[in-house]
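Working notes, beginning with the structure itself.
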Amino acid sequence: MMTDKVFFEDRNGTRIGPYKTKFGADRITVFQDELQVAEGDRVIQPLADGSEQAYLVDGVAYGAARRNVPGHFSITIKKEAASSAPGTPAMRTALNESVSDQAGNNEHAAALVRSLATGIENANFPREQRDEARRLLETLIAHPVVAAVLGGA
């Protein structure tokens, strides 16, 4: 029985759905004759608390209708790493610790920037928003003061 609901998000951040499915260990099945999904796209599962869990599409196979089984897509997925949303208490704490400690620990500041870049890439936001955040981070680290702090790492 298809008890879960998912959306698909392509590399441009365009979402389609919802589609009914059932999650398995590393795959979902969607009973549709046509579905625009490809490797590298994301599967977005809305959660009961209003948040979303994202998965990366690792493979897509179509099964033609046979007897009592309608046409369906079998989609292999990998769970994306969890990341904090911008402005969460955990991120603000990490940033405050980094700023207060940066004079004596440039490596920590550099590690925070690398972690932030990874978090942006893995965040559960449309590609357009992640690209904008990445550009803003690049602008920040290009600033002479920030570059000097990070350059000492």
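If you're wondering about the labels, chains in the structure tokens are A, B, ... by order shown, residues count from 1 in each chain, ligands from 1 in order shown.
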* To do: For Glu138 (chain A), list every protein, DNA or RNA residue within 12 Å, evaluated using only C-alpha atoms, and leave out those in the same chain fewer than 5 positions away; present the list as a PyMOL selection string.
  => chain A and resi 113-114+116-117+120+131-133+143+146-147
* Compile the contact shell of Tyr19 (chain A) as a PyMOL selection string: residues with an atom at most 12 Å away, counting only C-alpha atoms, same-chain residues fewer than 4 positions apart removed. => chain A and resi 2-8+15+28-32+34-36+43-46+72-73
Could you please take those selected residues and save N, CA and C atoms as an mmCIF file, in the first residue's frame?
```
data_model
loop_
_atom_site.group_PDB
_atom_site.id
_atom_site.type_symbol
_atom_site.label_atom_id
_atom_site.label_comp_id
_atom_site.auth_asym_id
_atom_site.auth_seq_id
_atom_site.Cartn_x
_atom_site.Cartn_y
_atom_site.Cartn_z
ATOM 1 N N MET A 2 0.547 2.184 -0.833
ATOM 2 C CA MET A 2 1.310 3.423 -0.959
ATOM 3 C C MET A 2 0.858 4.405 0.114
ATOM 4 N N THR A 3 1.641 4.524 1.182
ATOM 5 C CA THR A 3 1.247 5.347 2.322
ATOM 6 C C THR A 3 2.099 6.603 2.483
ATOM 7 N N ASP A 4 3.172 6.732 1.697
ATOM 8 C CA ASP A 4 4.046 7.898 1.796
ATOM 9 C C ASP A 4 3.794 8.840 0.625
ATOM 10 N N LYS A 5 4.197 10.086 0.804
ATOM 11 C CA LYS A 5 4.031 11.104 -0.232
ATOM 12 C C LYS A 5 5.405 11.705 -0.505
ATOM 13 N N VAL A 6 5.748 11.910 -1.792
ATOM 14 C CA VAL A 6 7.023 12.525 -2.153
ATOM 15 C C VAL A 6 6.833 13.531 -3.273
ATOM 16 N N PHE A 7 7.808 14.409 -3.354
ATOM 17 C CA PHE A 7 7.948 15.323 -4.472
ATOM 18 C C PHE A 7 9.299 15.011 -5.112
ATOM 19 N N PHE A 8 9.459 15.354 -6.371
ATOM 20 C CA PHE A 8 10.751 15.234 -7.034
ATOM 21 C C PHE A 8 11.229 16.630 -7.377
ATOM 22 N N ARG A 15 10.090 21.562 -8.666
ATOM 23 C CA ARG A 15 9.442 20.427 -7.995
ATOM 24 C C ARG A 15 8.213 19.971 -8.755
ATOM 25 N N ILE A 28 12.269 3.534 -3.680
ATOM 26 C CA ILE A 28 10.833 3.814 -3.649
ATOM 27 C C ILE A 28 10.245 3.363 -4.974
ATOM 28 N N THR A 29 8.954 3.130 -4.969
ATOM 29 C CA THR A 29 8.238 2.766 -6.192
ATOM 30 C C THR A 29 7.113 3.762 -6.387
ATOM 31 N N VAL A 30 6.987 4.259 -7.608
ATOM 32 C CA VAL A 30 5.914 5.196 -7.952
ATOM 33 C C VAL A 30 5.157 4.590 -9.128
ATOM 34 N N PHE A 31 3.861 4.344 -8.934
ATOM 35 C CA PHE A 31 3.040 3.769 -9.992
ATOM 36 C C PHE A 31 2.532 4.883 -10.894
ATOM 37 N N GLN A 32 3.258 5.112 -11.961
ATOM 38 C CA GLN A 32 2.931 6.106 -12.983
ATOM 39 C C GLN A 32 3.440 5.572 -14.317
ATOM 40 N N GLU A 34 4.267 7.754 -16.726
ATOM 41 C CA GLU A 34 5.257 8.759 -17.100
ATOM 42 C C GLU A 34 5.690 9.506 -15.847
ATOM 43 N N LEU A 35 6.992 9.759 -15.755
ATOM 44 C CA LEU A 35 7.524 10.487 -14.610
ATOM 45 C C LEU A 35 8.838 11.130 -15.028
ATOM 46 N N GLN A 36 8.948 12.429 -14.834
ATOM 47 C CA GLN A 36 10.163 13.151 -15.191
ATOM 48 C C GLN A 36 11.115 13.150 -14.009
ATOM 49 N N VAL A 43 14.604 13.452 -4.154
ATOM 50 C CA VAL A 43 13.296 13.014 -3.675
ATOM 51 C C VAL A 43 13.077 13.753 -2.363
ATOM 52 N N ILE A 44 11.965 14.452 -2.252
ATOM 53 C CA ILE A 44 11.651 15.225 -1.055
ATOM 54 C C ILE A 44 10.463 14.578 -0.364
ATOM 55 N N GLN A 45 10.679 14.180 0.890
ATOM 56 C CA GLN A 45 9.622 13.559 1.685
ATOM 57 C C GLN A 45 9.171 14.541 2.764
ATOM 58 N N PRO A 46 7.940 15.048 2.679
ATOM 59 C CA PRO A 46 7.431 15.907 3.749
ATOM 60 C C PRO A 46 7.254 15.079 5.031
ATOM 61 N N HIS A 72 5.246 1.247 -13.595
ATOM 62 C CA HIS A 72 5.794 1.884 -12.394
ATOM 63 C C HIS A 72 7.276 2.189 -12.558
ATOM 64 N N PHE A 73 7.735 3.122 -11.748
ATOM 65 C CA PHE A 73 9.146 3.475 -11.688
ATOM 66 C C PHE A 73 9.709 2.980 -10.367
#
```
* Asked: Excluding same-chain residues fewer than 5 positions from Ile75 (chain A), what lies within 9 Å of it counting only C-alpha atoms, as a VMD selection string?
  -> chain A and resid 26 to 30 37 57 to 62
How about saving the chosen residues, all heavy atoms kept, as a tab-separated table (two decimals), in the first residue's frame?
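Final file, result22.tsv:
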```tsv
chain	number	residue	atom	x	y	z
A	26	ASP	N	16.31	1.29	0.42
A	26	ASP	CA	17.07	2.21	-0.43
A	26	ASP	C	16.35	2.44	-1.76
A	26	ASP	O	16.97	2.77	-2.75
A	26	ASP	CB	18.47	1.68	-0.68
A	26	ASP	CG	18.48	0.37	-1.46
A	26	ASP	OD1	17.40	-0.24	-1.63
A	26	ASP	OD2	19.56	-0.04	-1.91
A	27	ARG	N	15.03	2.28	-1.74
A	27	ARG	CA	14.30	2.49	-2.99
A	27	ARG	C	12.84	2.84	-2.71
A	27	ARG	O	12.31	2.53	-1.66
A	27	ARG	CB	14.45	1.26	-3.88
A	27	ARG	CG	13.35	0.33	-4.07
A	27	ARG	CD	13.63	-0.84	-5.01
A	27	ARG	NE	15.01	-1.22	-5.12
A	27	ARG	CZ	15.75	-1.11	-6.24
A	27	ARG	NH1	15.20	-0.65	-7.34
A	27	ARG	NH2	17.01	-1.46	-6.26
A	28	ILE	N	12.27	3.53	-3.68
A	28	ILE	CA	10.83	3.81	-3.65
A	28	ILE	C	10.24	3.36	-4.97
A	28	ILE	O	10.96	3.22	-5.97
A	28	ILE	CB	10.53	5.31	-3.41
A	28	ILE	CG1	11.12	6.19	-4.52
A	28	ILE	CG2	11.01	5.75	-2.04
A	28	ILE	CD1	10.69	7.65	-4.45
A	29	THR	N	8.95	3.13	-4.97
A	29	THR	CA	8.24	2.77	-6.19
A	29	THR	C	7.11	3.76	-6.39
A	29	THR	O	6.39	4.08	-5.44
A	29	THR	CB	7.66	1.34	-6.08
A	29	THR	OG1	8.74	0.44	-5.84
A	29	THR	CG2	6.94	0.95	-7.35
A	30	VAL	N	6.99	4.26	-7.61
A	30	VAL	CA	5.91	5.20	-7.95
A	30	VAL	C	5.16	4.59	-9.13
A	30	VAL	O	5.74	4.34	-10.19
A	30	VAL	CB	6.47	6.59	-8.32
A	30	VAL	CG1	5.35	7.51	-8.76
A	30	VAL	CG2	7.25	7.18	-7.16
A	37	VAL	N	11.94	12.12	-13.90
A	37	VAL	CA	12.93	12.02	-12.84
A	37	VAL	C	14.18	11.37	-13.40
A	37	VAL	O	14.10	10.49	-14.26
A	37	VAL	CB	12.38	11.24	-11.61
A	37	VAL	CG1	12.07	9.80	-11.96
A	37	VAL	CG2	13.32	11.32	-10.43
A	57	VAL	N	18.51	10.81	-5.95
A	57	VAL	CA	18.14	9.74	-6.86
A	57	VAL	C	19.41	9.13	-7.42
A	57	VAL	O	20.22	9.82	-8.05
A	57	VAL	CB	17.24	10.25	-8.01
A	57	VAL	CG1	16.98	9.16	-9.04
A	57	VAL	CG2	15.92	10.79	-7.46
A	58	ASP	N	19.59	7.83	-7.17
A	58	ASP	CA	20.81	7.13	-7.58
A	58	ASP	C	20.57	6.28	-8.82
A	58	ASP	O	21.51	5.93	-9.52
A	58	ASP	CB	21.28	6.25	-6.41
A	58	ASP	CG	22.71	5.81	-6.55
A	58	ASP	OD1	23.53	6.60	-7.06
A	58	ASP	OD2	23.02	4.68	-6.14
A	59	GLY	N	19.33	5.96	-9.10
A	59	GLY	CA	19.01	5.16	-10.28
A	59	GLY	C	17.51	5.14	-10.52
A	59	GLY	O	16.73	5.25	-9.58
A	60	VAL	N	17.12	5.03	-11.80
A	60	VAL	CA	15.71	5.02	-12.17
A	60	VAL	C	15.48	3.88	-13.16
A	60	VAL	O	16.21	3.78	-14.15
A	60	VAL	CB	15.29	6.36	-12.82
A	60	VAL	CG1	13.82	6.33	-13.23
A	60	VAL	CG2	15.58	7.53	-11.91
A	61	ALA	N	14.50	3.05	-12.89
A	61	ALA	CA	14.14	1.96	-13.80
A	61	ALA	C	12.63	1.94	-13.96
A	61	ALA	O	11.89	2.11	-13.00
A	61	ALA	CB	14.63	0.62	-13.27
A	62	TYR	N	12.17	1.72	-15.20
A	62	TYR	CA	10.74	1.65	-15.48
A	62	TYR	C	10.33	0.20	-15.65
A	62	TYR	O	11.01	-0.58	-16.33
A	62	TYR	CB	10.37	2.44	-16.73
A	62	TYR	CG	8.91	2.34	-17.07
A	62	TYR	CD1	7.96	3.02	-16.31
A	62	TYR	CD2	8.47	1.54	-18.12
A	62	TYR	CE1	6.61	2.92	-16.59
A	62	TYR	CE2	7.11	1.44	-18.41
A	62	TYR	CZ	6.19	2.12	-17.64
A	62	TYR	OH	4.85	2.01	-17.92
```
